[in-house]
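Visitor: The following block contains the structure, expressed as structure tokens.
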Amino acid sequence: VGLDGTGIKQIIMTYMNLKPTKLLSERWRSSCIEPGMLLLVHSNILRTMQEFQKEDIPLTVNDILDSFIEAVGPEGTLLFPLFNFDFSCGKSFDMKTSKSNMGALTEAARLRTDSIRTGHPVYSFAVLGRLKEKFRGLNNLTAYAAGSPFEMVHSMRGYVAVLDLTDQASMTFYHHVEEMEKIPYRYQKKFWGSYTDLEGHKEIREYFINVRDLDAGVCTHVEPTGDELWSKGLYKGFRVGEESGLRVIYSEDAYQAVSAIIRSGRAEGMLYRIEKPTEK
């Protein structure tokens, strides 16, 4: 009697043994994550952290990571993007020490001793779970195409999950479809630089990224595609800022929907737009 909402919640958690990890894993499952899934996770955990802080419930980044591990269970597999653009800017890359630029949750996944890191110096992933050994030693030369983690997620019937991010800020999987469909508004660009592998061997290596044609004014513009996926019922879960903020899509559904947009000639306005430089 007399307790505010925070006190009541803490008592419930104590007596029902509901740790933050358990609460969150159940939340992710309410957003259509299922045990056994192979799941590529893009994330912004700020709103989740603030929600728990507001309720005075202790929550760490590793708690959130554990909650995703619990949600997919021992038969599941998780991929977290460790994208780091230093190599494409002429800086060195080290498989052991180069940090993720994709947020705290992805960096926590990288630092897990049982995670595996894929080898592309710009578009690498931390992989945890049952199928992680299939990604061990993966050193795809091209970022998005055949042989990449994106292609493996697709061929292994995986899913893509996005937590509180727009499509524009997350759905790199679209670029996989674009490269596989050989779209004309991107092209293969070679990058090279100092690369240190897991054994500490350093050498100059070359890698490729299917980049936008900047001379033609190509800008990534994918929100209309996200809206179409929602309208077709392909996204499951919740939009950014609503409920859990987590949405999930089957990779095959995403591939087929995006390839249909490309093949029907609707890529401009759905996946990219042209912005010509302003004349001075």
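Chain labels run A, B, ... following the order of the structure tokens; each chain numbers its residues from 1, and ligands are numbered from 1 in the order shown.
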Using only C-alpha atoms, tabulate the residues of range 54-102 of chain A lying at most 9 Å from any atom of range 196-210 of chain A, each with its closest atom pair and that distance in Å to one decimal, by chain and increasing residue number, as a Markdown table.
Guide:
```
| residue | atom | partner | partner_atom | distance |
| --- | --- | --- | --- | --- |
| A:Ser92 | CA | A:Thr196 | CA | 8.0 |
| A:Phe93 | CA | A:Thr196 | CA | 6.2 |
| A:Asp94 | CA | A:Thr196 | CA | 4.6 |
| A:Met95 | CA | A:Asp197 | CA | 5.4 |
| A:Lys96 | CA | A:Leu198 | CA | 6.1 |
```
Visitor: Determine which residues of range 1-133 of chain A receive a DSSP assignment of strand (DSSP E), computed from the backbone, and state them as a count of residues only.
Guide: 20
Visitor: Return as a ChimeraX atom specification the full set of residues in range 14-128 of chain A whose backbone-based DSSP assignment is helix (DSSP H, G or I).
Guide: /A:14-15,20-30,46-54,61-72,87-89,104-111
Visitor: Pro149 in chain A: which residues within 8 Å, counting only C-alpha atoms, same-chain residues fewer than 5 positions away excluded, as a PyMOL selection string?
Guide: chain A and resi 118+125+135+144
Visitor: Output all heavy atoms for every residue in the selection just made, as a PDB file, in the first residue's frame.
Guide:
```pdb
ATOM      1  N   THR A 118      33.152 -11.861 -38.754  1.00  0.00           N
ATOM      2  CA  THR A 118      33.404 -12.094 -40.176  1.00  0.00           C
ATOM      3  C   THR A 118      34.430 -11.078 -40.670  1.00  0.00           C
ATOM      4  O   THR A 118      34.699 -10.072 -40.022  1.00  0.00           O
ATOM      5  CB  THR A 118      32.108 -12.009 -40.984  1.00  0.00           C
ATOM      6  OG1 THR A 118      31.540 -10.695 -40.861  1.00  0.00           O
ATOM      7  CG2 THR A 118      31.099 -13.046 -40.491  1.00  0.00           C
ATOM      8  N   PHE A 125      30.478  -8.691 -39.172  1.00  0.00           N
ATOM      9  CA  PHE A 125      29.419  -9.025 -38.218  1.00  0.00           C
ATOM     10  C   PHE A 125      29.993  -9.822 -37.059  1.00  0.00           C
ATOM     11  O   PHE A 125      30.940 -10.593 -37.230  1.00  0.00           O
ATOM     12  CB  PHE A 125      28.326  -9.872 -38.877  1.00  0.00           C
ATOM     13  CG  PHE A 125      27.476  -9.134 -39.865  1.00  0.00           C
ATOM     14  CD1 PHE A 125      27.910  -8.969 -41.172  1.00  0.00           C
ATOM     15  CD2 PHE A 125      26.245  -8.609 -39.488  1.00  0.00           C
ATOM     16  CE1 PHE A 125      27.119  -8.284 -42.092  1.00  0.00           C
ATOM     17  CE2 PHE A 125      25.463  -7.927 -40.406  1.00  0.00           C
ATOM     18  CZ  PHE A 125      25.897  -7.758 -41.707  1.00  0.00           C
ATOM     19  N   PHE A 135      30.049 -19.310 -39.986  1.00  0.00           N
ATOM     20  CA  PHE A 135      30.576 -18.000 -40.349  1.00  0.00           C
ATOM     21  C   PHE A 135      32.057 -17.843 -40.001  1.00  0.00           C
ATOM     22  O   PHE A 135      32.665 -16.846 -40.366  1.00  0.00           O
ATOM     23  CB  PHE A 135      29.773 -16.909 -39.629  1.00  0.00           C
ATOM     24  CG  PHE A 135      28.345 -16.818 -40.063  1.00  0.00           C
ATOM     25  CD1 PHE A 135      27.381 -17.649 -39.495  1.00  0.00           C
ATOM     26  CD2 PHE A 135      27.950 -15.910 -41.031  1.00  0.00           C
ATOM     27  CE1 PHE A 135      26.048 -17.565 -39.887  1.00  0.00           C
ATOM     28  CE2 PHE A 135      26.624 -15.819 -41.439  1.00  0.00           C
ATOM     29  CZ  PHE A 135      25.670 -16.648 -40.869  1.00  0.00           C
ATOM     30  N   TYR A 144      28.298  -7.014 -50.066  1.00  0.00           N
ATOM     31  CA  TYR A 144      26.890  -7.388 -50.010  1.00  0.00           C
ATOM     32  C   TYR A 144      26.516  -8.635 -50.807  1.00  0.00           C
ATOM     33  O   TYR A 144      25.451  -9.203 -50.577  1.00  0.00           O
ATOM     34  CB  TYR A 144      26.011  -6.257 -50.560  1.00  0.00           C
ATOM     35  CG  TYR A 144      26.304  -4.877 -50.055  1.00  0.00           C
ATOM     36  CD1 TYR A 144      26.509  -3.822 -50.949  1.00  0.00           C
ATOM     37  CD2 TYR A 144      26.351  -4.593 -48.691  1.00  0.00           C
ATOM     38  CE1 TYR A 144      26.753  -2.532 -50.499  1.00  0.00           C
ATOM     39  CE2 TYR A 144      26.604  -3.316 -48.236  1.00  0.00           C
ATOM     40  CZ  TYR A 144      26.802  -2.283 -49.145  1.00  0.00           C
ATOM     41  OH  TYR A 144      27.055  -1.016 -48.697  1.00  0.00           O
TER      42      TYR A 144
END
```
Visitor: Determine, counting only C-alpha atoms, which protein, DNA and RNA residues have an atom within 12 Å of an atom of Ala126 in chain A; residues of the same chain fewer than 6 positions away are not included. Present the result as a PyMOL selection string.
Guide: chain A and resi 39-42+65+77-83+95-96+99-100+102+105-120+132-133+135-136+138+149
Visitor: Generate the output file for the selected residues, N, CA, C and O atoms, as a compact mmCIF listing (two decimals), in the first residue's frame.
Guide:
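What landed in again-v9.txt:
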```
# COMPACT_ATOMS: atom_id res chain seq x y z
N LEU A 39 18.94 -14.70 -36.89
CA LEU A 39 18.44 -13.34 -36.85
C LEU A 39 19.57 -12.32 -36.97
O LEU A 39 20.51 -12.33 -36.18
N LEU A 40 19.48 -11.46 -37.98
CA LEU A 40 20.38 -10.32 -38.13
C LEU A 40 19.73 -9.13 -37.44
O LEU A 40 18.62 -8.74 -37.82
N VAL A 41 20.39 -8.55 -36.44
CA VAL A 41 19.77 -7.53 -35.58
C VAL A 41 20.44 -6.16 -35.78
O VAL A 41 21.63 -6.00 -35.51
N HIS A 42 19.64 -5.19 -36.23
CA HIS A 42 20.05 -3.79 -36.23
C HIS A 42 19.39 -3.13 -35.01
O HIS A 42 18.23 -3.43 -34.70
N LEU A 65 21.76 -7.64 -24.63
CA LEU A 65 22.33 -8.68 -25.48
C LEU A 65 21.88 -10.06 -25.01
O LEU A 65 21.46 -10.90 -25.82
N THR A 77 20.55 -18.29 -33.65
CA THR A 77 21.81 -17.66 -34.04
C THR A 77 21.56 -16.18 -34.25
O THR A 77 20.54 -15.79 -34.83
N LEU A 78 22.48 -15.35 -33.77
CA LEU A 78 22.35 -13.89 -33.89
C LEU A 78 23.53 -13.30 -34.64
O LEU A 78 24.68 -13.70 -34.42
N LEU A 79 23.25 -12.35 -35.52
CA LEU A 79 24.28 -11.57 -36.18
C LEU A 79 24.08 -10.10 -35.83
O LEU A 79 22.95 -9.58 -35.92
N PHE A 80 25.16 -9.44 -35.41
CA PHE A 80 25.12 -8.01 -35.11
C PHE A 80 26.12 -7.29 -36.01
O PHE A 80 27.29 -7.68 -36.08
N PRO A 81 25.69 -6.25 -36.72
CA PRO A 81 26.60 -5.53 -37.62
C PRO A 81 27.68 -4.78 -36.84
O PRO A 81 27.39 -4.07 -35.89
N LEU A 82 28.92 -4.96 -37.27
CA LEU A 82 30.06 -4.27 -36.67
C LEU A 82 30.65 -3.26 -37.67
O LEU A 82 31.86 -3.03 -37.68
N PHE A 83 29.79 -2.67 -38.48
CA PHE A 83 30.26 -1.83 -39.57
C PHE A 83 31.19 -0.74 -39.05
O PHE A 83 30.89 -0.06 -38.06
N MET A 95 41.16 -7.13 -37.04
CA MET A 95 40.05 -8.02 -36.70
C MET A 95 39.79 -8.09 -35.19
O MET A 95 38.66 -8.26 -34.75
N LYS A 96 40.84 -7.96 -34.40
CA LYS A 96 40.68 -8.07 -32.95
C LYS A 96 40.26 -6.78 -32.28
O LYS A 96 39.53 -6.81 -31.28
N LYS A 99 36.71 -1.33 -33.61
CA LYS A 99 35.42 -1.29 -32.94
C LYS A 99 34.27 -1.17 -33.93
O LYS A 99 34.44 -0.73 -35.07
N SER A 100 33.10 -1.53 -33.46
CA SER A 100 31.88 -1.32 -34.22
C SER A 100 31.47 0.14 -34.15
O SER A 100 31.58 0.78 -33.11
N MET A 102 28.30 0.80 -34.94
CA MET A 102 26.86 0.60 -35.03
C MET A 102 26.15 0.56 -33.69
O MET A 102 25.05 0.04 -33.58
N LEU A 105 25.14 -2.00 -28.41
CA LEU A 105 24.76 -3.41 -28.40
C LEU A 105 25.66 -4.22 -29.32
O LEU A 105 26.09 -5.33 -28.97
N THR A 106 25.98 -3.68 -30.48
CA THR A 106 26.84 -4.40 -31.41
C THR A 106 28.26 -4.51 -30.87
O THR A 106 28.92 -5.54 -31.04
N GLU A 107 28.73 -3.47 -30.19
CA GLU A 107 30.07 -3.52 -29.61
C GLU A 107 30.11 -4.54 -28.48
O GLU A 107 31.12 -5.26 -28.32
N ALA A 108 29.05 -4.65 -27.70
CA ALA A 108 28.98 -5.68 -26.66
C ALA A 108 29.05 -7.08 -27.28
O ALA A 108 29.70 -7.98 -26.73
N ALA A 109 28.40 -7.26 -28.42
CA ALA A 109 28.46 -8.56 -29.11
C ALA A 109 29.87 -8.84 -29.60
O ALA A 109 30.35 -9.98 -29.52
N ARG A 110 30.55 -7.82 -30.12
CA ARG A 110 31.92 -8.01 -30.58
C ARG A 110 32.83 -8.46 -29.45
O ARG A 110 33.72 -9.30 -29.64
N LEU A 111 32.62 -7.90 -28.27
CA LEU A 111 33.50 -8.18 -27.14
C LEU A 111 33.22 -9.51 -26.45
O LEU A 111 34.01 -9.94 -25.60
N ARG A 112 32.11 -10.16 -26.79
CA ARG A 112 31.84 -11.47 -26.20
C ARG A 112 32.91 -12.47 -26.65
O ARG A 112 33.20 -12.58 -27.84
N THR A 113 33.47 -13.19 -25.70
CA THR A 113 34.55 -14.11 -26.02
C THR A 113 34.08 -15.26 -26.91
O THR A 113 34.90 -15.89 -27.59
N ASP A 114 32.78 -15.55 -26.91
CA ASP A 114 32.28 -16.66 -27.71
C ASP A 114 31.71 -16.22 -29.05
O ASP A 114 31.09 -17.01 -29.75
N SER A 115 31.90 -14.95 -29.42
CA SER A 115 31.40 -14.49 -30.71
C SER A 115 32.46 -14.67 -31.80
O SER A 115 33.66 -14.70 -31.52
N ILE A 116 32.00 -14.79 -33.03
CA ILE A 116 32.86 -14.90 -34.19
C ILE A 116 32.69 -13.64 -35.04
O ILE A 116 31.57 -13.17 -35.23
N ARG A 117 33.80 -13.11 -35.54
CA ARG A 117 33.72 -11.92 -36.39
C ARG A 117 34.02 -12.30 -37.84
O ARG A 117 35.00 -12.98 -38.14
N THR A 118 33.15 -11.86 -38.75
CA THR A 118 33.40 -12.09 -40.18
C THR A 118 34.43 -11.08 -40.67
O THR A 118 34.70 -10.07 -40.02
N GLY A 119 34.99 -11.33 -41.87
CA GLY A 119 36.24 -10.69 -42.23
C GLY A 119 36.24 -9.43 -43.05
O GLY A 119 37.30 -8.80 -43.19
N HIS A 120 35.11 -9.02 -43.65
CA HIS A 120 35.15 -7.80 -44.46
C HIS A 120 35.47 -6.61 -43.55
O HIS A 120 34.84 -6.44 -42.51
N LYS A 132 27.05 -20.36 -35.51
CA LYS A 132 28.15 -19.40 -35.67
C LYS A 132 29.35 -19.99 -36.40
O LYS A 132 30.06 -19.28 -37.11
N GLU A 133 29.58 -21.31 -36.26
CA GLU A 133 30.75 -21.91 -36.90
C GLU A 133 30.66 -21.84 -38.42
O GLU A 133 31.69 -21.88 -39.10
N PHE A 135 30.05 -19.31 -39.99
CA PHE A 135 30.58 -18.00 -40.35
C PHE A 135 32.06 -17.84 -40.00
O PHE A 135 32.66 -16.85 -40.37
N ARG A 136 32.61 -18.82 -39.33
CA ARG A 136 34.02 -18.73 -38.94
C ARG A 136 34.91 -18.73 -40.17
O ARG A 136 34.77 -19.56 -41.07
N LEU A 138 34.93 -16.61 -42.51
CA LEU A 138 34.32 -15.97 -43.67
C LEU A 138 35.05 -14.67 -43.98
O LEU A 138 35.17 -13.79 -43.13
N PRO A 149 27.77 -12.25 -45.51
CA PRO A 149 26.82 -12.63 -44.46
C PRO A 149 25.37 -12.35 -44.84
O PRO A 149 24.48 -13.09 -44.43
```
Visitor: Given the choices A:Asp63, A:Asp56, A:Asp164, A:Glu275, which gets closest to Ala216 in chain A if the distance is worked out from only C-alpha atoms?
Guide: A:Glu275
